[in-house]
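A quick write-up on the structure given underneath.
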Amino acid sequence: RSQSPDASNEHNTLTYCKKKLYIGALFPMSGGWPGGQACLPAAQMALDLVNKRTDILPDYELELIYYDSMCDPGEATKLLYDLLYTEPIKIVLMPGCSSVSTLVAEAARMWNLIVLSYGSSSPALSNRQRFPTFFRTHPSATLHNPTRVQLFQKWKWTKIATIQQTTEVFTSTLDDLEQRVKEAGIEISVRQSFLTDPAVAVKNLKRQDARIIVGLFYETEARKVFCEVYKEKLYGKKYVWFLIGWYADNWFKIKDPSINCTVEQMTEAVEGHVTTEIVMLNPETVRGASNLTSQEFLAQLMSKLGGKNPEETGGFQEAPLAYDAVWALALALNKTVGPLKAKGRRLEDFNYNNKDITAEIYRALNTSSFEGVSGHVVFDAQGSRMAWTLIEQLQGGSYKKIGYFDMTKCNLSWYGNDRWIGSGPPADQTVVIQKFRYLSQKLFVSVSVFAGLGILMGIVCLTFNIYNSNVRYIQNSQPYLNNMTAVGCMMALAAVFPLGIDGLHVRNSQFPVVCQFRLWLLGLGFSLAYGSMFTKIWWVHTVFTKKDEKKDKRKHLEPWKLYATVGALLVIDILSLMIWQIVDPLHITVEKFTKEAPKGDVDQLIEPLLQHCSSEKMNTWLGVVYGYKGLLLLLGIFLAYETKSVSTEKINDHRAVGMAIYNVSVSLFIFFILVPLDILKCALGFFSFHCSSLVGSWLVNWTQRPSGAVVCHNTLISSKNMPGALQCDSARFDGSEVSEPAISNAVQGRRVFQRTGKRGERELPLITGNKRARQFDETGALK
């Protein structure tokens with residue numbers, strides 16, 4: 001549209017009357033990050049629009065004075081000197097790279113200068129004590145961390161691992177992440193770092209079962225890491241990697257001579273990883289302070305670049321940040337005009353010694369809030385930009401947007417199109433399922449049946465013993481002690497039932513009662529069963545192994561002494577069990593065993609748990625009980641061996657008792673070897689074996705006893721071969737006459753031997769012949 005000469009002159013007059021405010025800028029046009037290639041045109045676009053606006057700084061014009069820092073702190077030092085000591089005075093400094101911004105921001109406070117960066121992401125720049133006048137429209141690298149924490153919580157992960165390249169930016173980012181996850185109740189279980197070769201670090205991740213892994217490294221090191229990841233098989237449905245999102249989209253397909261993995265292997269290793277990237281271009285169609293949408297901005301920027309390929313133009317992604325940095329500065333300066341005028345100051349009065357104007361600019365920037373082409377622009381307390389974070393996932397070799405996170409509102413916008421190799425997000429560690437192991441019910445029933453049969457056998461023996469209590473042979477075997485043995489065996493066998501009861505049958509609150517019941521049944525059952533047998537052997541040894549001058553006392557065995565001995569053993573057990581129960585009662589204890597892998601491809605481990613009875617000083621109590629009863633066993637074995645050749649009518653089954661004591665000792669030895677395997681089976685084996693052996697000994701002894709008294713009609717005769725021989729011409733067993741001699745006794749010197757069928761010989765008291773009938777009892781002794 002044509003313009004009249006008068007209008008044109010008026011515009012030139014207004015422009016000429018505007019006062020200039022100078023901005024000193026460092027744009028890296030080359031070097032490690034040549035971001036100035038796109039950021040400088042974007043900043044100039046913003047300046048042109050600001051200067052044309054009549055509602056923003058109407059009395060001022062912003063002018064940019066810039067140099068190429070080459071992203072080099074040494075070069076930037078020289079250029080900073082030129083900016084500060086060369087007219088005109090600069091009201092604000094705008095560096096680019098993090099390394100250059102660190103140098104400029106630390107020195108700027110000495111000249112009371114505000115520093116506004118458009119391309120610095122180092123978390124170290126968020127230190128307000130070190131950089132008191134620093135702001136940036138490029139978010140800090142730590143802005144990824146709130147998004148990561150949000151995703152950890154969404155997928156219910158409480159344990160993560162990290163691997164980082166040892167550079168300052170990644171170290172400070174990881175420190176911030178560690179603090180944030182700690183506040184969220186998430187643990188960093190593994191933390192690995194490397195300088196150039198990540199092989200060892202990746203192996204450590206595998207060895208320590210890392211599943212959710214945050215990787216912080218540059219693109220070239222990322223290829224090295226994932227080549228090692230492929231070799232260690234640290235990928236797939238069990239693993240999730242979190243990477244930085246500003247890598248090139250095809251970073252894993254780029255041929256790199258520093259790795260020996262193929263493109264196919266790299267593509268397989270990186271599949272499914274998640275990236276977080278700062279949103280540098282507003283995804284919404286919103287007209288902000290510049291009255292441009294993000295797409296309109298891109299179109300104008302492409303036009304200003306002259307058709308250059310965006311992927312080959314440094315800083316193209318960060319260009320919206322440089323554009324919004326100029327707008328943030330213009331709006332902040334515009335906001336200071338009124339407060340400064342009230343104080344009688346103006347922006348053009350700024351000099352490097354004027355703190356008041358610097359304070360007003362700082363205050364205005366600190367409260368900035370507007371919609372830019374990069375999104376909503378607002379700064380936190382450390383001067384860092386708060387922005388949206390884009391969340392992407394590599395699906396089928398290409399990145400797919402799966403959500404956004406707005407830190408300013410703590411709002412997660414989720415698309416729900418995340419895809420996993422397995423059925424869903426993997427677990428953050430191998431899932432350990434605690435599973436209680438209970439006794440096999442088939443085994444319990446089988447053992448209970450055998451124990452019941454043993455108890456039934458004991459009842460039969462006890463009934464038989466009581467029913468035949470008037471038989472002289474039974475009377476001479478001390479039947480009351482035999483009854484105690486039978487009752488003790490039945491109690492010991494009955495202990496099988498509470499031994500088989502576990503958490504499958506009773507509640508935890510009832511388990512201590514079962515524990516005590518087991519202890520008392522086993523303890524008292526042993527005391528009765530073994531104590532009565534021990535008493536018999538003890539008194540046989542005491543009475544019948546005395547010296548010759550005391551042999552006449554053999555016939556006097558008082559029964560009450562036997563019962564008193566068993567009672568003493570029983571009292572000792574009762575007192576010890578009561579003290580144990582009162583001082584240190586048994587309670588339920590859960591024992592954990594080695595984890596087991598289930599069948600199939602399941603990311604789980606089973607940790608077997610076993611409930612058993614225990615007390616605080618279990619080993620001490622068991623040592624006391626085992627020591628006391630072990631001494632009794634050893635003493636019983638010794639006494640049984642010592643009395644093996646003794647023959648007495650007072651305790652006529654002591655040989656069978658001795659055999660039972662041997663069996664008990666062998667059973668206990670086996671029990672202590674096998675006790676770690678299965679206490680119930682061992683207990684059954686011990687008690688059933690020794691009780692059944694005792695009953696068997698009784699039966700054998702009973703069947704081998706003479707059926708009744710032997711009556712011999714004898715005469716004393718002499719012969720050449722056997723002088724003084726006494727021979728029974730006839731014999732009677734239980735009143736039945738036998739035609740042939742049943743017993744023959746030969747007198748040789750002063751020794752008499754009895755021979756009964758095939759039963760062998762035994763020595764008898766000397767018999768002198770008086771030609772009258774003699775009667776022998778069942779042991780062969782003369783009545």
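Labeling convention for the structure tokens: chains A, B, ... as they appear, residues from 1 per chain, ligands from 1 in order of appearance.
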
Exercise: range 48-50 of chain A partners within 10 Å, only C-alpha atoms, chain neighbours under 3 positions left out, as a list in words: Ala43, Gln44, Met45, Arg53, Thr54, Asp55, Ile56, Leu57, Pro58, Tyr60, Glu61, Leu62, Glu63, Ala289, Ser290, Asn291, Val326, Trp327, Ala330 and Leu331 of chain A

Strand (DSSP E or B) residues, from DSSP on the backbone, in range 272-476 of chain A, as an MDAnalysis selection string: chainID A and resid 274:278 369:372 375:379 385 388:395 398:406 411:414 431:436

Range 508-511 of chain A surroundings by only C-alpha atoms, 10 Å radius, close-in-sequence under 5 positions cut, as a list in words: Pro498, Ile501, Asp502, Gly503, Gln516, Phe517, Leu586, His587, Ile588, Thr589, Gln611, His612 and Cys613 of chain A

Å distance separating CA of Glu271 in chain A from CA of Glu312 in chain A, one decimal place: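 According to the coordinates, CA of Glu271 in chain A and CA of Glu312 in chain A are separated by 26.1 Å.
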
Pick from A:Leu329, A:Val471, A:Val487, A:Met659 nearest to Ala364 in chain A, counting only C-alpha atoms: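 Under the stated criterion, the closest residue is A:Leu329.
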
Contact residues around Glu311 in chain A with only C-alpha atoms at 12 Å, ignoring same-chain residues under 6 positions, as JSON, numbers by chain: {"A": [35, 37, 38, 247, 248, 249, 250, 302, 317]}

Contacts of Glu183 in chain A at 12 Å or less, counting only C-alpha atoms, minus same-chain residues fewer than 6 places along, as a compact mmCIF listing (two decimals) with all heavy atoms, in the first residue's frame?
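Saved result, result.txt, follows:
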# COMPACT_ATOMS: atom_id res chain seq x y z
N PRO A 146 11.56 -33.89 36.44
CA PRO A 146 10.17 -33.99 36.89
C PRO A 146 9.32 -34.87 35.98
O PRO A 146 8.44 -35.61 36.45
CB PRO A 146 9.68 -32.54 36.89
CG PRO A 146 10.91 -31.72 37.02
CD PRO A 146 11.97 -32.48 36.29
N VAL A 149 10.22 -38.51 36.75
CA VAL A 149 9.60 -38.93 38.01
C VAL A 149 8.11 -39.18 37.80
O VAL A 149 7.54 -40.15 38.33
CB VAL A 149 9.83 -37.88 39.11
CG1 VAL A 149 9.04 -38.22 40.36
CG2 VAL A 149 11.33 -37.77 39.43
N GLN A 153 6.21 -42.82 38.44
CA GLN A 153 5.03 -42.99 39.28
C GLN A 153 3.85 -43.54 38.48
O GLN A 153 3.08 -44.35 39.00
CB GLN A 153 4.67 -41.65 39.93
CG GLN A 153 5.70 -41.17 40.94
CD GLN A 153 5.38 -39.80 41.49
OE1 GLN A 153 4.77 -38.97 40.82
NE2 GLN A 153 5.81 -39.54 42.72
N THR A 158 9.51 -48.16 41.54
CA THR A 158 10.09 -47.61 42.77
C THR A 158 11.60 -47.83 42.84
O THR A 158 12.23 -47.46 43.81
CB THR A 158 9.45 -48.25 44.01
OG1 THR A 158 9.64 -49.68 43.95
CG2 THR A 158 7.96 -47.95 44.06
N ASP A 176 20.35 -33.76 40.64
CA ASP A 176 18.99 -33.25 40.77
C ASP A 176 17.97 -34.38 40.71
O ASP A 176 16.99 -34.41 41.47
CB ASP A 176 18.71 -32.23 39.67
CG ASP A 176 17.30 -31.70 39.72
OD1 ASP A 176 17.01 -30.83 40.56
OD2 ASP A 176 16.45 -32.17 38.91
N LEU A 177 18.19 -35.33 39.80
CA LEU A 177 17.28 -36.48 39.68
C LEU A 177 17.26 -37.30 40.97
O LEU A 177 16.20 -37.74 41.42
CB LEU A 177 17.70 -37.36 38.51
CG LEU A 177 16.89 -38.64 38.30
CD1 LEU A 177 15.43 -38.32 38.00
CD2 LEU A 177 17.50 -39.50 37.20

Residue neighbourhood range 520-527 of chain A, 8 Å, only C-alpha atoms, exclusion window fewer than 5 positions, as a PyMOL selection string: chain A and resi 487-492+494-495+532+566+569-570+573-574+577

Save out the residues we just selected, all heavy atoms, as a compact mmCIF listing (two decimals), in the first residue's frame.
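Resulting contents of selection00.txt:
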# COMPACT_ATOMS: atom_id res chain seq x y z
N VAL A 487 2.98 -95.82 77.59
CA VAL A 487 2.36 -94.49 77.59
C VAL A 487 3.30 -93.46 76.97
O VAL A 487 2.89 -92.60 76.18
CB VAL A 487 1.96 -94.08 79.02
CG1 VAL A 487 1.50 -92.63 79.06
CG2 VAL A 487 0.86 -94.99 79.54
N GLY A 488 4.60 -93.54 77.31
CA GLY A 488 5.57 -92.61 76.74
C GLY A 488 5.67 -92.74 75.22
O GLY A 488 5.75 -91.74 74.50
N CYS A 489 5.66 -94.00 74.75
CA CYS A 489 5.71 -94.21 73.30
C CYS A 489 4.46 -93.64 72.62
O CYS A 489 4.55 -93.02 71.54
CB CYS A 489 5.83 -95.70 72.98
SG CYS A 489 7.46 -96.37 73.31
N MET A 490 3.33 -93.83 73.24
CA MET A 490 2.09 -93.30 72.65
C MET A 490 2.10 -91.77 72.64
O MET A 490 1.65 -91.14 71.67
CB MET A 490 0.88 -93.82 73.43
CG MET A 490 0.58 -95.29 73.17
SD MET A 490 -0.97 -95.84 73.88
CE MET A 490 -0.56 -95.85 75.62
N MET A 491 2.63 -91.15 73.70
CA MET A 491 2.73 -89.69 73.71
C MET A 491 3.69 -89.19 72.63
O MET A 491 3.41 -88.20 71.93
CB MET A 491 3.21 -89.20 75.08
CG MET A 491 2.19 -89.38 76.20
SD MET A 491 2.83 -88.85 77.81
CE MET A 491 3.04 -87.10 77.52
N ALA A 492 4.82 -89.89 72.47
CA ALA A 492 5.78 -89.49 71.45
C ALA A 492 5.19 -89.63 70.06
O ALA A 492 5.38 -88.77 69.19
CB ALA A 492 7.05 -90.33 71.59
N ALA A 494 2.02 -89.54 69.39
CA ALA A 494 0.95 -88.55 69.27
C ALA A 494 1.50 -87.17 68.91
O ALA A 494 0.79 -86.32 68.35
CB ALA A 494 0.16 -88.46 70.57
N ALA A 495 2.80 -86.92 69.19
CA ALA A 495 3.40 -85.65 68.84
C ALA A 495 3.50 -85.45 67.33
O ALA A 495 3.71 -84.33 66.85
CB ALA A 495 4.80 -85.54 69.47
N SER A 532 11.82 -95.03 81.83
CA SER A 532 11.48 -96.31 82.45
C SER A 532 12.46 -97.40 82.04
O SER A 532 12.85 -98.25 82.86
CB SER A 532 10.05 -96.70 82.07
OG SER A 532 9.91 -96.75 80.66
N VAL A 566 12.13 -92.95 87.86
CA VAL A 566 11.40 -92.42 86.71
C VAL A 566 10.77 -91.08 87.05
O VAL A 566 10.78 -90.13 86.25
CB VAL A 566 10.32 -93.42 86.25
CG1 VAL A 566 9.52 -92.85 85.09
CG2 VAL A 566 10.95 -94.73 85.83
N LEU A 569 13.34 -88.27 86.87
CA LEU A 569 13.61 -87.86 85.49
C LEU A 569 12.45 -87.04 84.93
O LEU A 569 12.65 -86.05 84.22
CB LEU A 569 13.84 -89.10 84.62
CG LEU A 569 15.07 -89.95 84.98
CD1 LEU A 569 15.12 -91.19 84.08
CD2 LEU A 569 16.35 -89.15 84.81
N LEU A 570 11.23 -87.47 85.29
CA LEU A 570 10.05 -86.75 84.79
C LEU A 570 9.97 -85.35 85.39
O LEU A 570 9.64 -84.38 84.70
CB LEU A 570 8.79 -87.56 85.13
CG LEU A 570 7.53 -87.24 84.33
CD1 LEU A 570 7.77 -87.52 82.86
CD2 LEU A 570 6.35 -88.07 84.83
N ASP A 573 12.35 -82.96 83.65
CA ASP A 573 11.81 -82.51 82.37
C ASP A 573 10.71 -81.48 82.55
O ASP A 573 10.66 -80.47 81.84
CB ASP A 573 11.28 -83.71 81.58
CG ASP A 573 12.29 -84.19 80.55
OD1 ASP A 573 13.31 -83.53 80.40
OD2 ASP A 573 12.05 -85.24 79.92
N ILE A 574 9.80 -81.73 83.48
CA ILE A 574 8.68 -80.79 83.69
C ILE A 574 9.20 -79.43 84.12
O ILE A 574 8.77 -78.39 83.61
CB ILE A 574 7.70 -81.36 84.73
CG1 ILE A 574 6.98 -82.61 84.16
CG2 ILE A 574 6.67 -80.32 85.14
CD1 ILE A 574 6.10 -83.32 85.16
N LEU A 577 10.97 -77.67 81.13
CA LEU A 577 10.01 -77.20 80.15
C LEU A 577 9.22 -76.01 80.66
O LEU A 577 8.92 -75.08 79.91
CB LEU A 577 9.06 -78.34 79.75
CG LEU A 577 9.69 -79.49 78.94
CD1 LEU A 577 8.66 -80.59 78.70
CD2 LEU A 577 10.24 -78.99 77.63

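Atom pair CA of Cys71 in chain A / CA of Gly31 in chain A: separated by 5.5 Å.
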
Counting only C-alpha atoms, the residue of A:Asp72, A:Glu318, A:Glu596, A:Glu591 that sits nearest Leu609 in chain A: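 Among A:Asp72, A:Glu318, A:Glu596, A:Glu591, it is A:Glu591 that comes nearest to Leu609 in chain A.
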
Which of range 245-466 of chain A DSSP labels alpha helix (DSSP H), written as a PyMOL selection string: chain A and resi 263-270+294-305+319-342+355-366+441-466

Identify, on the basis of only C-alpha atoms, every residue whose closest approach to Asn260 in chain A does not exceed 12 Å; exclude the query and any residue fewer than 4 positions from it along the same chain; express the result as a PDB file with N, CA and C atoms, in the first residue's frame.
ATOM      1  N   ARG A 223      25.703 -44.305  21.099  1.00  0.00           N
ATOM      2  CA  ARG A 223      25.922 -45.436  20.204  1.00  0.00           C
ATOM      3  C   ARG A 223      26.848 -46.473  20.838  1.00  0.00           C
ATOM      4  N   LYS A 224      27.868 -46.002  21.552  1.00  0.00           N
ATOM      5  CA  LYS A 224      28.762 -46.936  22.243  1.00  0.00           C
ATOM      6  C   LYS A 224      28.009 -47.715  23.329  1.00  0.00           C
ATOM      7  N   VAL A 225      27.179 -47.000  24.075  1.00  0.00           N
ATOM      8  CA  VAL A 225      26.430 -47.638  25.160  1.00  0.00           C
ATOM      9  C   VAL A 225      25.524 -48.732  24.612  1.00  0.00           C
ATOM     10  N   PHE A 226      24.781 -48.435  23.555  1.00  0.00           N
ATOM     11  CA  PHE A 226      23.801 -49.412  23.084  1.00  0.00           C
ATOM     12  C   PHE A 226      24.437 -50.543  22.284  1.00  0.00           C
ATOM     13  N   CYS A 227      25.632 -50.359  21.830  1.00  0.00           N
ATOM     14  CA  CYS A 227      26.357 -51.496  21.264  1.00  0.00           C
ATOM     15  C   CYS A 227      26.693 -52.486  22.376  1.00  0.00           C
ATOM     16  N   GLU A 228      27.103 -51.968  23.535  1.00  0.00           N
ATOM     17  CA  GLU A 228      27.367 -52.834  24.690  1.00  0.00           C
ATOM     18  C   GLU A 228      26.065 -53.417  25.245  1.00  0.00           C
ATOM     19  N   TYR A 230      23.531 -54.266  23.516  1.00  0.00           N
ATOM     20  CA  TYR A 230      23.186 -55.409  22.664  1.00  0.00           C
ATOM     21  C   TYR A 230      24.024 -56.639  23.039  1.00  0.00           C
ATOM     22  N   LYS A 231      25.294 -56.436  23.296  1.00  0.00           N
ATOM     23  CA  LYS A 231      26.171 -57.556  23.642  1.00  0.00           C
ATOM     24  C   LYS A 231      25.770 -58.195  24.968  1.00  0.00           C
ATOM     25  N   LYS A 255      26.454 -44.710  10.855  1.00  0.00           N
ATOM     26  CA  LYS A 255      27.637 -45.550  10.921  1.00  0.00           C
ATOM     27  C   LYS A 255      28.700 -44.855  11.764  1.00  0.00           C
ATOM     28  N   ASP A 256      29.217 -45.623  12.727  1.00  0.00           N
ATOM     29  CA  ASP A 256      30.183 -45.061  13.663  1.00  0.00           C
ATOM     30  C   ASP A 256      31.373 -46.020  13.737  1.00  0.00           C
ATOM     31  N   GLU A 264      21.336 -53.231  12.196  1.00  0.00           N
ATOM     32  CA  GLU A 264      20.247 -54.114  12.623  1.00  0.00           C
ATOM     33  C   GLU A 264      20.350 -54.414  14.119  1.00  0.00           C
ATOM     34  N   GLN A 265      21.563 -54.652  14.604  1.00  0.00           N
ATOM     35  CA  GLN A 265      21.756 -54.924  16.030  1.00  0.00           C
ATOM     36  C   GLN A 265      21.423 -53.702  16.870  1.00  0.00           C
ATOM     37  N   MET A 266      21.852 -52.531  16.417  1.00  0.00           N
ATOM     38  CA  MET A 266      21.549 -51.297  17.146  1.00  0.00           C
ATOM     39  C   MET A 266      20.047 -51.034  17.158  1.00  0.00           C
TER      40      MET A 266
END

Nearest to Ile244 in chain A, chosen from A:Gly375, A:Phe134, A:Ala42, A:Glu392, with only C-alpha atoms counted in the distances: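 Closest residue, counting only C-alpha atoms: A:Glu392.
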
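Ranking A:Gln208, A:Ser258, A:Pro585, A:Asn51 by their shortest atom-to-atom distance to Val513 in chain A, with only C-alpha atoms included, puts A:Pro585 first.
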
Computed interatomic separation between CA of Gly96 in chain A and CA of Phe27 in chain A (Å):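 Atom-to-atom, CA of Gly96 in chain A to CA of Phe27 in chain A, that is 5.9 Å.
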